[in-house]
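Engineer: I'm passing along start08.cif; it holds mmCIF, C-alpha atoms.
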```
data_my_file
#
loop_
_atom_site.label_atom_id
_atom_site.label_comp_id
_atom_site.auth_asym_id
_atom_site.auth_seq_id
_atom_site.Cartn_x
_atom_site.Cartn_y
_atom_site.Cartn_z
CA MET A 17 -125.07 -22.00 -26.86
CA ASP A 18 -125.62 -19.13 -29.26
CA ASP A 19 -126.33 -19.49 -32.95
CA ALA A 20 -123.53 -18.83 -35.38
CA PRO A 21 -123.48 -15.24 -36.71
CA ARG A 22 -124.94 -14.76 -40.14
CA LYS A 23 -123.26 -12.94 -42.96
CA LYS A 24 -124.70 -9.53 -43.72
CA ARG A 25 -125.67 -8.80 -47.28
CA LEU A 26 -123.58 -6.23 -49.06
CA GLN A 27 -125.29 -3.44 -50.94
CA LYS A 28 -125.26 -3.75 -54.69
CA ASN A 29 -122.46 -1.74 -56.28
CA THR A 30 -124.02 0.71 -58.74
CA MET A 31 -120.75 2.38 -59.63
CA LEU A 32 -119.87 2.30 -63.29
CA ASN A 33 -117.07 0.17 -64.66
CA LEU A 34 -115.10 2.75 -66.60
CA LYS A 35 -112.52 1.98 -69.21
CA ALA A 36 -109.11 3.58 -68.79
CA GLY A 37 -109.17 7.26 -69.67
CA ALA A 38 -112.96 7.46 -70.05
CA LEU A 39 -114.47 10.64 -68.64
CA ILE A 40 -118.16 11.10 -67.94
CA THR A 41 -120.30 13.88 -66.54
CA SER A 42 -122.72 13.47 -63.68
CA ASP A 43 -125.71 13.54 -66.07
CA GLU A 44 -124.26 10.65 -68.05
CA PHE A 45 -123.64 8.75 -64.82
CA VAL A 46 -127.27 9.19 -63.71
CA GLU A 47 -128.56 8.15 -67.15
CA THR A 48 -126.36 5.04 -67.18
CA VAL A 49 -127.43 4.00 -63.68
CA GLU A 50 -131.09 4.49 -64.63
CA LYS A 51 -130.54 2.43 -67.79
CA MET A 52 -128.98 -0.39 -65.76
CA GLN A 53 -131.91 -0.32 -63.32
CA ALA A 54 -134.43 -0.34 -66.17
CA ASP A 55 -132.62 -3.26 -67.81
CA SER A 56 -132.70 -5.27 -64.58
CA ALA A 57 -136.40 -4.46 -64.13
CA ALA A 58 -137.07 -5.59 -67.70
CA LYS A 59 -135.22 -8.87 -67.05
CA LYS A 60 -137.30 -9.44 -63.93
CA ALA A 61 -140.47 -8.73 -65.90
CA ALA A 62 -139.42 -11.20 -68.59
CA LEU A 63 -138.76 -13.86 -65.94
CA LYS A 64 -142.15 -13.27 -64.35
CA ALA A 65 -143.82 -13.50 -67.74
CA ALA A 66 -141.97 -16.74 -68.49
CA ASP A 67 -143.02 -18.16 -65.10
CA ALA A 68 -146.62 -17.19 -65.76
CA ALA A 69 -146.44 -18.81 -69.19
CA THR A 70 -145.01 -22.04 -67.77
CA LYS A 71 -147.69 -22.14 -65.06
CA ALA A 72 -150.37 -21.55 -67.65
CA ALA A 73 -148.83 -24.21 -69.89
CA SER A 74 -148.73 -26.72 -67.04
CA LYS A 75 -152.38 -26.00 -66.28
CA ALA A 76 -153.18 -26.31 -69.98
CA ALA A 77 -151.32 -29.63 -70.13
CA GLY A 78 -153.94 -31.07 -67.82
CA LYS A 79 -156.60 -29.85 -70.20
CA VAL A 80 -155.93 -31.25 -73.61
CA THR A 81 -158.24 -28.91 -75.48
CA ALA A 82 -156.72 -26.30 -77.77
CA SER A 83 -158.97 -23.54 -76.50
CA ALA A 84 -157.61 -23.93 -72.96
CA ALA A 85 -154.05 -23.61 -74.24
CA GLU A 86 -154.95 -20.47 -76.20
CA LYS A 87 -156.66 -19.00 -73.14
CA ALA A 88 -153.62 -19.73 -70.98
CA ALA A 89 -151.34 -18.16 -73.58
CA ARG A 90 -153.49 -15.01 -73.64
CA LYS A 91 -153.40 -14.82 -69.82
CA ALA A 92 -149.63 -15.15 -69.84
CA GLU A 93 -149.35 -12.48 -72.51
CA LYS A 94 -151.57 -10.09 -70.55
CA ALA A 95 -149.55 -10.72 -67.39
CA ALA A 96 -146.33 -9.97 -69.27
CA GLU A 97 -147.82 -6.74 -70.66
CA LYS A 98 -148.90 -5.60 -67.18
CA VAL A 99 -145.46 -6.27 -65.73
CA ALA A 100 -143.81 -4.44 -68.64
CA GLU A 101 -146.12 -1.43 -68.14
CA LYS A 102 -145.31 -1.34 -64.43
CA THR A 103 -141.57 -1.42 -65.08
CA ALA A 104 -141.89 1.28 -67.75
CA LYS A 105 -143.80 3.50 -65.32
CA ALA A 106 -141.21 2.88 -62.61
CA ALA A 107 -138.36 3.72 -64.99
CA GLU A 108 -140.14 6.91 -66.10
CA LYS A 109 -140.73 7.93 -62.50
CA ALA A 110 -137.06 7.33 -61.64
CA ALA A 111 -136.00 9.40 -64.65
CA THR A 112 -138.19 12.34 -63.63
CA GLN A 113 -136.91 12.18 -60.05
CA ALA A 114 -133.33 12.16 -61.29
CA ALA A 115 -134.03 15.13 -63.57
CA LYS A 116 -135.54 17.05 -60.65
CA ALA A 117 -132.51 16.25 -58.49
CA VAL A 118 -130.15 17.49 -61.21
CA GLU A 119 -132.16 20.71 -61.59
CA LYS A 120 -132.16 21.25 -57.83
CA ALA A 121 -128.39 20.74 -57.63
CA ALA A 122 -127.85 23.14 -60.54
CA ALA A 123 -130.00 25.77 -58.82
CA LYS A 124 -128.00 25.39 -55.60
CA LEU A 125 -124.73 25.79 -57.50
CA ALA A 126 -126.04 28.86 -59.31
CA ALA A 127 -127.14 30.43 -56.02
CA ARG A 128 -123.76 29.70 -54.45
CA ASP A 129 -121.91 31.22 -57.41
CA ALA A 130 -124.11 34.32 -57.31
CA LYS A 131 -123.45 34.75 -53.59
CA LEU A 132 -119.70 34.39 -54.10
CA SER A 133 -119.72 36.95 -56.89
CA ARG A 134 -121.61 39.45 -54.67
CA ILE A 135 -119.11 38.91 -51.88
CA GLN A 136 -116.17 39.36 -54.24
CA LYS A 137 -117.65 42.60 -55.58
CA ARG A 138 -117.91 43.98 -52.04
CA LYS A 139 -114.40 42.98 -51.03
CA THR A 140 -111.99 44.46 -53.50
CA VAL A 141 -108.33 45.04 -52.82
CA ASP A 142 -108.80 48.80 -52.46
CA ASP A 143 -111.42 48.40 -49.73
CA ILE A 144 -109.22 46.36 -47.39
CA PRO A 145 -107.35 48.62 -44.97
CA PRO A 146 -103.61 48.13 -44.54
CA PRO A 147 -102.55 46.22 -41.39
CA LYS A 148 -101.69 48.25 -38.32
CA ARG A 149 -98.07 48.20 -37.40
CA ALA A 150 -97.16 47.16 -33.89
CA ARG A 151 -95.37 49.69 -31.75
CA LYS A 152 -91.82 48.94 -31.02
CA GLU A 153 -91.06 49.13 -27.37
CA THR A 154 -87.62 50.28 -26.51
CA CYS A 155 -85.86 49.24 -23.37
CA LYS A 156 -85.09 52.17 -21.15
CA ALA A 157 -82.20 51.36 -18.95
#
```
Could you show the structure in this file as C-alpha cells?

Structural biologist:
Amino acid sequence: MDDAPRKKRLQKNTMLNLKAGALITSDEFVETVEKMQADSAAKKAALKAADAATKAASKAAGKVTASAAEKAARKAEKAAEKVAEKTAKAAEKAATQAAKAVEKAAAKLAARDAKLSRIQKRKTVDDIPPPKRARKETCKA
C-alpha cells in the first residue's frame, strides 16, 4: 500500500496589499518588497540572538558566578551583532541587485524606443506607395 500524498508547500506571496485607489511605480514596489525581506531577516536575527542569549543564560545558570553570566551575555551580544551584520550585508546586496535590474530594464526600454523612432522616421506616409488596383475582367460573350 502506498503512502498518503503529502501537501506541497505554496510559495510565499510577496505581492503588496494595496489599499483601494493606491497607485505605485515599479521602483516603489521593489523597495517595499526589499523592505519586507529586510524586516523578516531582522526578525530572524533577533530570534537567533534571543536563542543564543537563553542558551548562554541556561549555561550560566549552572555556574553561579557573576563573571560567567557576564561572559555569556557578551557572547550572546556578539552573536547578535554578527547576525545583524550578515542581514545588513544581505539586504544591501539585494538592494544593489535590484538597482542593477532596474537600470538594465530602463536601458532595454530606451533601446526599444530608439529603434521604434528610427523605424518611424524611415516609414512616413509619403514613402508608402499607393496600393495597386486589380484589373477588372470583363466577360466576353

Engineer: Taking only C-alpha atoms into account, name the residue in A:Asp55, A:Asp43, A:Asp67, A:Glu86 that is nearest to Ala117 of chain A.

Structural biologist: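 Smallest separation from Ala117 of chain A among the options: A:Asp43.
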
Engineer: Suppose you want the space between atom CA of Arg138 of chain A and atom CA of Ala123 of chain A; what is it in Å?

Structural biologist: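 Computing the Euclidean distance for atom CA of Arg138 of chain A and atom CA of Ala123 of chain A yields 22.9 Å.
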
Engineer: Would you mind reading off the distance between atom CA of Glu119 of chain A and atom CA of Ala106 of chain A, one decimal, in Å?

Structural biologist: 20.0 Å

Engineer: Here's the selection I'm unsure about, the PyMOL selection byres ((chain A and resi 118) around 12); applied to the file above, which residues does it give, as an mmCIF file with C-alpha atoms, in the coordinates of the input?

Structural biologist:
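The result, written out as part-v4.cif:
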```cif
data_model
loop_
_atom_site.group_PDB
_atom_site.id
_atom_site.type_symbol
_atom_site.label_atom_id
_atom_site.label_comp_id
_atom_site.auth_asym_id
_atom_site.auth_seq_id
_atom_site.Cartn_x
_atom_site.Cartn_y
_atom_site.Cartn_z
ATOM 1 C CA THR A 41 -120.300 13.880 -66.540
ATOM 2 C CA SER A 42 -122.720 13.470 -63.680
ATOM 3 C CA ASP A 43 -125.710 13.540 -66.070
ATOM 4 C CA GLU A 44 -124.260 10.650 -68.050
ATOM 5 C CA PHE A 45 -123.640 8.750 -64.820
ATOM 6 C CA VAL A 46 -127.270 9.190 -63.710
ATOM 7 C CA GLU A 47 -128.560 8.150 -67.150
ATOM 8 C CA ALA A 111 -136.000 9.400 -64.650
ATOM 9 C CA THR A 112 -138.190 12.340 -63.630
ATOM 10 C CA GLN A 113 -136.910 12.180 -60.050
ATOM 11 C CA ALA A 114 -133.330 12.160 -61.290
ATOM 12 C CA ALA A 115 -134.030 15.130 -63.570
ATOM 13 C CA LYS A 116 -135.540 17.050 -60.650
ATOM 14 C CA ALA A 117 -132.510 16.250 -58.490
ATOM 15 C CA GLU A 119 -132.160 20.710 -61.590
ATOM 16 C CA LYS A 120 -132.160 21.250 -57.830
ATOM 17 C CA ALA A 121 -128.390 20.740 -57.630
ATOM 18 C CA ALA A 122 -127.850 23.140 -60.540
ATOM 19 C CA ALA A 123 -130.000 25.770 -58.820
ATOM 20 C CA LYS A 124 -128.000 25.390 -55.600
ATOM 21 C CA LEU A 125 -124.730 25.790 -57.500
#
```

Engineer: Tell me, in Å to one decimal, how far atom CA of Lys87 of chain A is from atom CA of Lys60 of chain A.

Structural biologist: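 One can read the atom CA of Lys87 of chain A to atom CA of Lys60 of chain A distance as 23.5 Å.
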
Engineer: Find, counting all atoms listed in the file, the residue in A:Lys109, A:Lys64, A:Arg22, A:Lys75 that gets nearest to Lys94 of chain A.

Structural biologist: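 With all atoms listed in the file as the atom set, the closest residue is A:Lys64.
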
Engineer: Which one is closest to Ala96 of chain A: A:Leu26, A:Ala126, A:Ala54, A:Ala66? Count all atoms listed in the file.

Structural biologist: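 Answer, going by the shortest atom-to-atom distance: A:Ala66.
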
Engineer: Within 9 Å of Ala95 of chain A, counting all atoms listed in the file, which residues show up once you throw out same-chain ones fewer than 6 positions away? Write them as a list in words, please.

Structural biologist: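 Non-adjacent residues within range: Lys64, Ala65, Ala68 and Ala69 of chain A.
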
Engineer: Keeping only C-alpha atoms, write the selected residues as a compact mmCIF listing (two decimals), keeping the file's coordinate frame.

Structural biologist:
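This went into part.txt:
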```txt
# COMPACT_ATOMS: atom_id res chain seq x y z
CA LYS A 64 -142.15 -13.27 -64.35
CA ALA A 65 -143.82 -13.50 -67.74
CA ALA A 68 -146.62 -17.19 -65.76
CA ALA A 69 -146.44 -18.81 -69.19
```

Engineer: Would you please work out which residue, of A:Lys71, A:Arg134, A:Lys51, A:Lys91, is nearest to Ala104 of chain A when using all atoms listed in the file?

Structural biologist: A:Lys51

Engineer: Which residue gives the smallest distance to Lys102 of chain A among A:Lys137, A:Asp19, A:Ala57, A:Arg25, with all atoms listed in the file counted?

Structural biologist: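 Answer, going by the shortest atom-to-atom distance: A:Ala57.
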
Engineer: Given 8 Å on each side, where is the centre and what are the edge lengths in Å to one decimal of the axis-aligned box enclosing the listed atoms of segment 122-140 of chain A, as JSON?

Structural biologist:
```
{"center_x": -121.0, "center_y": 33.8, "center_z": -55.8, "size_x": 34.0, "size_y": 37.3, "size_z": 25.5}
```

Engineer: Using only C-alpha atoms, can you tell me which of A:Val99, A:Val49, A:Ala88, A:Ala130 comes closest to Leu63 of chain A?

Structural biologist: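 Under the stated criterion, the closest residue is A:Val99.
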
Engineer: Please, can segment 103-114 of chain A be completed to all heavy atoms and returned as a PDB file, in the frame of the given file?

Structural biologist:
```pdb
ATOM      1  N   THR A 103    -142.998  -1.739 -65.070  1.00  0.00           N
ATOM      2  CA  THR A 103    -141.570  -1.420 -65.080  1.00  0.00           C
ATOM      3  C   THR A 103    -141.301  -0.152 -65.890  1.00  0.00           C
ATOM      4  O   THR A 103    -140.439   0.644 -65.529  1.00  0.00           O
ATOM      5  CB  THR A 103    -140.744  -2.575 -65.665  1.00  0.00           C
ATOM      6  OG1 THR A 103    -141.258  -2.911 -66.954  1.00  0.00           O
ATOM      7  CG2 THR A 103    -140.778  -3.783 -64.771  1.00  0.00           C
ATOM      8  N   ALA A 104    -142.066   0.053 -66.976  1.00  0.00           N
ATOM      9  CA  ALA A 104    -141.890   1.280 -67.750  1.00  0.00           C
ATOM     10  C   ALA A 104    -142.283   2.498 -66.932  1.00  0.00           C
ATOM     11  O   ALA A 104    -141.594   3.531 -66.956  1.00  0.00           O
ATOM     12  CB  ALA A 104    -142.724   1.212 -69.031  1.00  0.00           C
ATOM     13  N   LYS A 105    -143.379   2.392 -66.178  1.00  0.00           N
ATOM     14  CA  LYS A 105    -143.800   3.500 -65.320  1.00  0.00           C
ATOM     15  C   LYS A 105    -142.759   3.779 -64.242  1.00  0.00           C
ATOM     16  O   LYS A 105    -142.454   4.934 -63.934  1.00  0.00           O
ATOM     17  CB  LYS A 105    -145.149   3.195 -64.683  1.00  0.00           C
ATOM     18  CG  LYS A 105    -146.317   3.326 -65.636  1.00  0.00           C
ATOM     19  CD  LYS A 105    -147.624   3.030 -64.936  1.00  0.00           C
ATOM     20  CE  LYS A 105    -148.798   3.090 -65.905  1.00  0.00           C
ATOM     21  NZ  LYS A 105    -150.075   2.774 -65.229  1.00  0.00           N
ATOM     22  N   ALA A 106    -142.221   2.710 -63.657  1.00  0.00           N
ATOM     23  CA  ALA A 106    -141.210   2.880 -62.610  1.00  0.00           C
ATOM     24  C   ALA A 106    -139.951   3.533 -63.168  1.00  0.00           C
ATOM     25  O   ALA A 106    -139.355   4.413 -62.534  1.00  0.00           O
ATOM     26  CB  ALA A 106    -140.868   1.529 -61.983  1.00  0.00           C
ATOM     27  N   ALA A 107    -139.553   3.125 -64.370  1.00  0.00           N
ATOM     28  CA  ALA A 107    -138.360   3.720 -64.990  1.00  0.00           C
ATOM     29  C   ALA A 107    -138.610   5.194 -65.310  1.00  0.00           C
ATOM     30  O   ALA A 107    -137.727   6.041 -65.127  1.00  0.00           O
ATOM     31  CB  ALA A 107    -137.996   2.962 -66.252  1.00  0.00           C
ATOM     32  N   GLU A 108    -139.812   5.508 -65.787  1.00  0.00           N
ATOM     33  CA  GLU A 108    -140.140   6.910 -66.100  1.00  0.00           C
ATOM     34  C   GLU A 108    -140.148   7.757 -64.835  1.00  0.00           C
ATOM     35  O   GLU A 108    -139.634   8.882 -64.820  1.00  0.00           O
ATOM     36  CB  GLU A 108    -141.513   6.955 -66.769  1.00  0.00           C
ATOM     37  CG  GLU A 108    -141.913   8.338 -67.259  1.00  0.00           C
ATOM     38  CD  GLU A 108    -143.261   8.330 -67.956  1.00  0.00           C
ATOM     39  OE1 GLU A 108    -143.683   7.272 -68.438  1.00  0.00           O
ATOM     40  OE2 GLU A 108    -143.887   9.408 -68.000  1.00  0.00           O
ATOM     41  N   LYS A 109    -140.701   7.205 -63.757  1.00  0.00           N
ATOM     42  CA  LYS A 109    -140.730   7.930 -62.500  1.00  0.00           C
ATOM     43  C   LYS A 109    -139.311   8.179 -61.977  1.00  0.00           C
ATOM     44  O   LYS A 109    -138.988   9.274 -61.516  1.00  0.00           O
ATOM     45  CB  LYS A 109    -141.525   7.127 -61.461  1.00  0.00           C
ATOM     46  CG  LYS A 109    -141.731   7.844 -60.154  1.00  0.00           C
ATOM     47  CD  LYS A 109    -142.591   7.023 -59.220  1.00  0.00           C
ATOM     48  CE  LYS A 109    -142.789   7.723 -57.881  1.00  0.00           C
ATOM     49  NZ  LYS A 109    -143.607   6.913 -56.967  1.00  0.00           N
ATOM     50  N   ALA A 110    -138.455   7.167 -62.080  1.00  0.00           N
ATOM     51  CA  ALA A 110    -137.060   7.330 -61.640  1.00  0.00           C
ATOM     52  C   ALA A 110    -136.343   8.376 -62.478  1.00  0.00           C
ATOM     53  O   ALA A 110    -135.548   9.167 -61.954  1.00  0.00           O
ATOM     54  CB  ALA A 110    -136.335   5.995 -61.724  1.00  0.00           C
ATOM     55  N   ALA A 111    -136.635   8.411 -63.781  1.00  0.00           N
ATOM     56  CA  ALA A 111    -136.000   9.400 -64.650  1.00  0.00           C
ATOM     57  C   ALA A 111    -136.436  10.812 -64.285  1.00  0.00           C
ATOM     58  O   ALA A 111    -135.616  11.741 -64.244  1.00  0.00           O
ATOM     59  CB  ALA A 111    -136.322   9.096 -66.109  1.00  0.00           C
ATOM     60  N   THR A 112    -137.722  11.004 -64.001  1.00  0.00           N
ATOM     61  CA  THR A 112    -138.190  12.340 -63.630  1.00  0.00           C
ATOM     62  C   THR A 112    -137.609  12.772 -62.285  1.00  0.00           C
ATOM     63  O   THR A 112    -137.229  13.931 -62.111  1.00  0.00           O
ATOM     64  CB  THR A 112    -139.726  12.391 -63.569  1.00  0.00           C
ATOM     65  OG1 THR A 112    -140.196  11.375 -62.675  1.00  0.00           O
ATOM     66  CG2 THR A 112    -140.338  12.204 -64.945  1.00  0.00           C
ATOM     67  N   GLN A 113    -137.503  11.837 -61.344  1.00  0.00           N
ATOM     68  CA  GLN A 113    -136.910  12.180 -60.050  1.00  0.00           C
ATOM     69  C   GLN A 113    -135.441  12.554 -60.207  1.00  0.00           C
ATOM     70  O   GLN A 113    -134.964  13.496 -59.576  1.00  0.00           O
ATOM     71  CB  GLN A 113    -137.049  11.005 -59.082  1.00  0.00           C
ATOM     72  CG  GLN A 113    -138.456  10.802 -58.570  1.00  0.00           C
ATOM     73  CD  GLN A 113    -138.575   9.598 -57.663  1.00  0.00           C
ATOM     74  OE1 GLN A 113    -137.676   8.772 -57.599  1.00  0.00           O
ATOM     75  NE2 GLN A 113    -139.701   9.472 -56.973  1.00  0.00           N
ATOM     76  N   ALA A 114    -134.731  11.840 -61.060  1.00  0.00           N
ATOM     77  CA  ALA A 114    -133.330  12.160 -61.290  1.00  0.00           C
ATOM     78  C   ALA A 114    -133.191  13.518 -61.955  1.00  0.00           C
ATOM     79  O   ALA A 114    -132.294  14.306 -61.619  1.00  0.00           O
ATOM     80  CB  ALA A 114    -132.678  11.081 -62.152  1.00  0.00           C
TER      81      ALA A 114
END
```
